[in-house]
Amino acid sequence: MSIKAKLALLISFIVTIILSLNISIFYYTTKNELQVSAEKQMVTIAKQIGTSLDAAEKSKKFMEDTLGEKLRSVAIAAQSELDPRIDHVRNEELAALSLKLGVDDITLWKRTHNDIIALKSSDPNELNQSSKTWDYWYTAFNQLFDLQEVTIPQGQKLLNYWSGPFQFATSDPNSIKKWGNYYDGKTDYMINPYIDAQEFLDFENQIGTNALINYLMQDNPDILEITGFNPEFFGEPVFLKLKKGQLVHNLDVRAIEFGQYTYKDMGKDVKYVKETAQFGTLFTTTGYLNGKSVIRSFVPLKEGSKFVIGVSFDRSAIDQILKHQLFIHSTISISLILLAWIASYFIAGVLIKPLRHILENINEMSEGRFGRQLVIQSHDELGLLSSRVNTMADNLQTYMGKLQASAEELRITKEYLESFVNHTSDAIHVTDLQGNITQVNKAFENMYGLNEAEVLHEKNHHIPKELRKEYTDILERILSGESVADYETTRSMKNGKSIDVSITVSPIRNQREEIVAVAEISRNITARKQTEEIIRRSEKLSVVGQLAAGVAHEIRNPLTTLKGFMQLLKEKASLPDYHLDIMLSELDRINFIVSEFLVLAKPQVTRYQPVNIPGIIKDMIMLLDLQASMSNVNFELQAPEVIPAVVCEANQMKQVFVNVLKNSIEAMPDGGTVTINLQYNEKKCVVIIQIQDQGVGISEEDLPRIGEPFFSNKQSGNGLGLMVSQRIIANHKGTMEIFSTLGQGTCVRVQLSALAV
């Protein structure tokens, strides 16, 4: 469409708006007058309903009080015929008593340490019900059991008695009951008789508010419906009230208190009802509901009432009056609009002639020709526009040159980066947030034997199944903003062979600093790992040689003694008994050293099973008690009541604790106390055994050598006992730490994994 036609249409549109405003003002003025009249009628209806509500509330209160008195009398009569202990009362007995006293059922409630529960009832559906989620009912029950005055505003309150309002039965939400609750401290239960209240509510509906609504709607045929809203609960799930995170099923928690609610627009009605109740002002709205045009008014009742009255009128009566006048005004307006369009079309042709020249110049610029300049013939807005178009042509020519230079620079940078990625020796691949590979380099293909077509848009198949969980944990760290560098693990090649790699994983972010992908750089370190393994084996051989030399030295000393005695025996043909004792002692020493050495060298057959660590400690204390008493040493065991079991080999654990406890005893030649402290770290699921003595301690220079074979501060020691103990703890995946200060004692701290409690 040409600008000439658009300008004509614009002028016609402005005329249309002016005429439409004229029609609208007439329409809304007449409509408002009719609507004000309807609102006055709604207020009158609301006042009549308010008066009816007051009368209905008084009638309902009288009926509830009468029923409450009856239920209190029934509760007192029931107490006189029932055993004061609930354990001696039978449900059958309650059923017979209910029939005798003229109530539907009787339930007995008993308070526990954190609830009040129905333990006996003539109605099986009531048994074992909890009242903890019953809102103010639970509060009233607790006050009765405490022999306090019930402070709940709802219901009827007498001495040792409280009767709540009509409510739905929790066991049967379709049944409405009236309950009475009586407790005077003479029994260990609260007596709760109740009867069906439906017939009383039906009686109220026949003479109360609903009856008045039916009468008003018959007398006013334009009224579609009258609704009584409860602002506190309207918009919430029906019969449900959320309080302190618990759901309560109460009859007084109702969104619609009376009347019908079929013309509804829940999204807006909730707002209208809340605002009407909050500000106490009339609120009127119109809409198209249930196939009808409806005027709805929300009217607050008098001060102190909790209800908002909604009245819906059929708008068609008002619309019929307006349609005739609207037709006349519309006919006149259409004629004026046609005249305005014809006149504006000729005026627009004169105004847009300079625009044609500007359009021709812009078409040339769109084709890349910026040299043509417009001739400025006037100094109005069109002349200024021509000047700006000339300036724009000059600027575009300059910017186009700069843009071409920038594009060339970006192309060179892209080629450089692609060359770097494809020629580096480290494998690089990029995955999206779903774990699918989106890009790999040549080194990745060479390292894993996978070509690009095999891995694109696929998961990381080069990660072994047993390491998938490890990689998932790494990704979680990356997505939280961290970076993982030089992480050593293993990966699988296409042929199934495993290789050792060092990986660096980093997030890739967009301009908004959001993580959009994950980049991983892998470096093959298999050769380095093999070299490290060779070095470790060499170190092991060195240790074995050192150990063998030490064993040879230790065994040579007692063998020298034995050789001397054997030569003496050869010369004298007999030896005294004490010489034989020395020889036996030296043989035992050789046997002990060899046994300890075998423990280090030979794999031991172990049976791991759950073991009670405190029990083992106590057995070892009993075993060493005599030796400790001779050295004037006392044992002090500190342990919590509950220590989880530890999966271990019991005999090896005994060997560890015997070695440590004997060292503690021997470190206190003048006596003292050995404190054994057991702890359980629930967070780490470990048992900690800490053995502290008051002995001579270990010097700072000797402490690093503790655990070396044949290093000992004791004259008769060889250092193998502590070395064996450390190996046993290491085989059990535990830790053994030694802390000592010269002259202040030594602390040995053992930590073992425990079974979860």
# chains A, B, ... in the order shown; residues from 1 in each chain; ligands from 1
>>> residues_around(residues="region 97-106 of chain A", least_positions_apart="4", cutoff="7 Å", atoms="only C-alpha atoms", output="list in words")
Val74, Glu93, Ser121, Ser122, Asp123, Asn192, Pro193, Tyr194, Ile195 and Asp196 of chain A
>>> write_last_selection(atoms="N, CA, C and O atoms", output="compact mmCIF listing (two decimals), in the first residue's frame")
# COMPACT_ATOMS: atom_id res chain seq x y z
N VAL A 74 -24.93 -36.55 78.02
CA VAL A 74 -24.63 -37.92 77.60
C VAL A 74 -23.22 -38.32 78.06
O VAL A 74 -23.00 -39.43 78.53
N GLU A 93 -19.18 -52.33 74.19
CA GLU A 93 -19.82 -51.67 75.32
C GLU A 93 -20.20 -50.23 74.96
O GLU A 93 -21.28 -49.74 75.33
N SER A 121 -14.04 -46.80 70.26
CA SER A 121 -15.17 -46.13 69.64
C SER A 121 -16.21 -47.15 69.25
O SER A 121 -15.89 -48.30 68.92
N SER A 122 -17.48 -46.72 69.32
CA SER A 122 -18.56 -47.57 68.82
C SER A 122 -18.57 -47.58 67.30
O SER A 122 -19.21 -48.44 66.70
N ASP A 123 -17.90 -46.63 66.67
CA ASP A 123 -17.79 -46.57 65.21
C ASP A 123 -16.40 -47.04 64.80
O ASP A 123 -15.41 -46.37 65.10
N ASN A 192 -16.22 -38.60 74.08
CA ASN A 192 -16.59 -37.83 72.90
C ASN A 192 -17.84 -38.43 72.25
O ASN A 192 -17.74 -39.19 71.31
N PRO A 193 -19.07 -38.08 72.77
CA PRO A 193 -20.30 -38.51 72.10
C PRO A 193 -20.60 -37.58 70.93
O PRO A 193 -20.23 -36.40 70.95
N TYR A 194 -21.27 -38.08 69.88
CA TYR A 194 -21.64 -37.22 68.76
C TYR A 194 -22.88 -37.77 68.05
O TYR A 194 -23.21 -38.95 68.15
N ILE A 195 -23.57 -36.87 67.34
CA ILE A 195 -24.79 -37.23 66.62
C ILE A 195 -24.75 -36.60 65.24
O ILE A 195 -23.98 -35.68 64.99
N ASP A 196 -25.58 -37.09 64.33
CA ASP A 196 -25.68 -36.57 62.97
C ASP A 196 -26.40 -35.22 63.01
O ASP A 196 -27.49 -35.10 63.57
>>> residues_around(residues="Leu216 (chain A)", least_positions_apart="3", cutoff="10 Å", atoms="only C-alpha atoms", output="ChimeraX atom specification")
/A:45,48-49,210-213,219-221,223,225-226
>>> write_last_selection(atoms="N, CA and C atoms", output="CSV table (one decimal), in the first residue's frame")
chain,number,residue,atom,x,y,z
A,45,ILE,N,-30.3,-5.8,48.2
A,45,ILE,CA,-30.4,-7.3,48.3
A,45,ILE,C,-29.4,-7.8,49.4
A,48,GLN,N,-30.6,-7.2,52.8
A,48,GLN,CA,-31.6,-8.1,53.2
A,48,GLN,C,-31.0,-9.5,53.6
A,49,ILE,N,-30.0,-9.9,52.8
A,49,ILE,CA,-29.3,-11.1,53.1
A,49,ILE,C,-28.5,-11.0,54.4
A,210,ASN,N,-30.5,-19.3,52.2
A,210,ASN,CA,-30.8,-19.9,50.9
A,210,ASN,C,-32.3,-19.7,50.6
A,211,ALA,N,-33.2,-19.9,51.6
A,211,ALA,CA,-34.6,-19.6,51.3
A,211,ALA,C,-34.9,-18.2,50.8
A,212,LEU,N,-34.2,-17.2,51.5
A,212,LEU,CA,-34.4,-15.8,51.2
A,212,LEU,C,-33.8,-15.6,49.8
A,213,ILE,N,-32.7,-16.2,49.4
A,213,ILE,CA,-32.1,-16.0,48.1
A,213,ILE,C,-33.1,-16.5,47.0
A,219,ASP,N,-38.5,-12.9,42.6
A,219,ASP,CA,-39.1,-11.6,42.5
A,219,ASP,C,-38.3,-10.7,41.6
A,220,ASN,N,-37.1,-11.1,41.2
A,220,ASN,CA,-36.2,-10.3,40.3
A,220,ASN,C,-35.7,-11.2,39.2
A,221,PRO,N,-36.4,-11.4,38.1
A,221,PRO,CA,-36.0,-12.3,37.1
A,221,PRO,C,-34.7,-12.0,36.4
A,223,ILE,N,-32.0,-11.2,37.9
A,223,ILE,CA,-30.9,-11.7,38.8
A,223,ILE,C,-30.6,-13.1,38.4
A,225,GLU,N,-27.9,-15.1,39.8
A,225,GLU,CA,-27.6,-15.8,41.0
A,225,GLU,C,-27.1,-14.9,42.0
A,226,ILE,N,-27.2,-15.4,43.3
A,226,ILE,CA,-26.6,-14.7,44.5
A,226,ILE,C,-25.7,-15.6,45.2
>>> select_by_dssp(residues="region 36-239 of chain A", states="strand (DSSP E or B)", output="ChimeraX atom specification")
/A:105-111,116-121,130,156-158,161-163,167-168,176-179,181-182,190-196,223-229
>>> residues_around(residues="region 460-476 of chain A", least_positions_apart="4", cutoff="8 Å", atoms="only C-alpha atoms", output="list of chain:residue names")
A:Gly435, A:Asn436, A:Ile437, A:Tyr448, A:Val455, A:Ser480, A:Val484, A:Thr490, A:Arg491, A:Ser492, A:Met493, A:Lys494
>>> residues_around(residues="Val748 (chain A)", least_positions_apart="2", cutoff="10 Å", atoms="only C-alpha atoms", output="list in words")
Val660, Leu661, Ser664, Ile676, Ile689, Gln690, Ile691, Gln692, Asp693, Met736, Glu737, Ile738, Phe739, Ser740, Thr746 and Val750 of chain A
>>> atom_distance(atom1="CA of Ile503 (chain A)", atom2="CA of Thr413 (chain A)")
26.3 Å
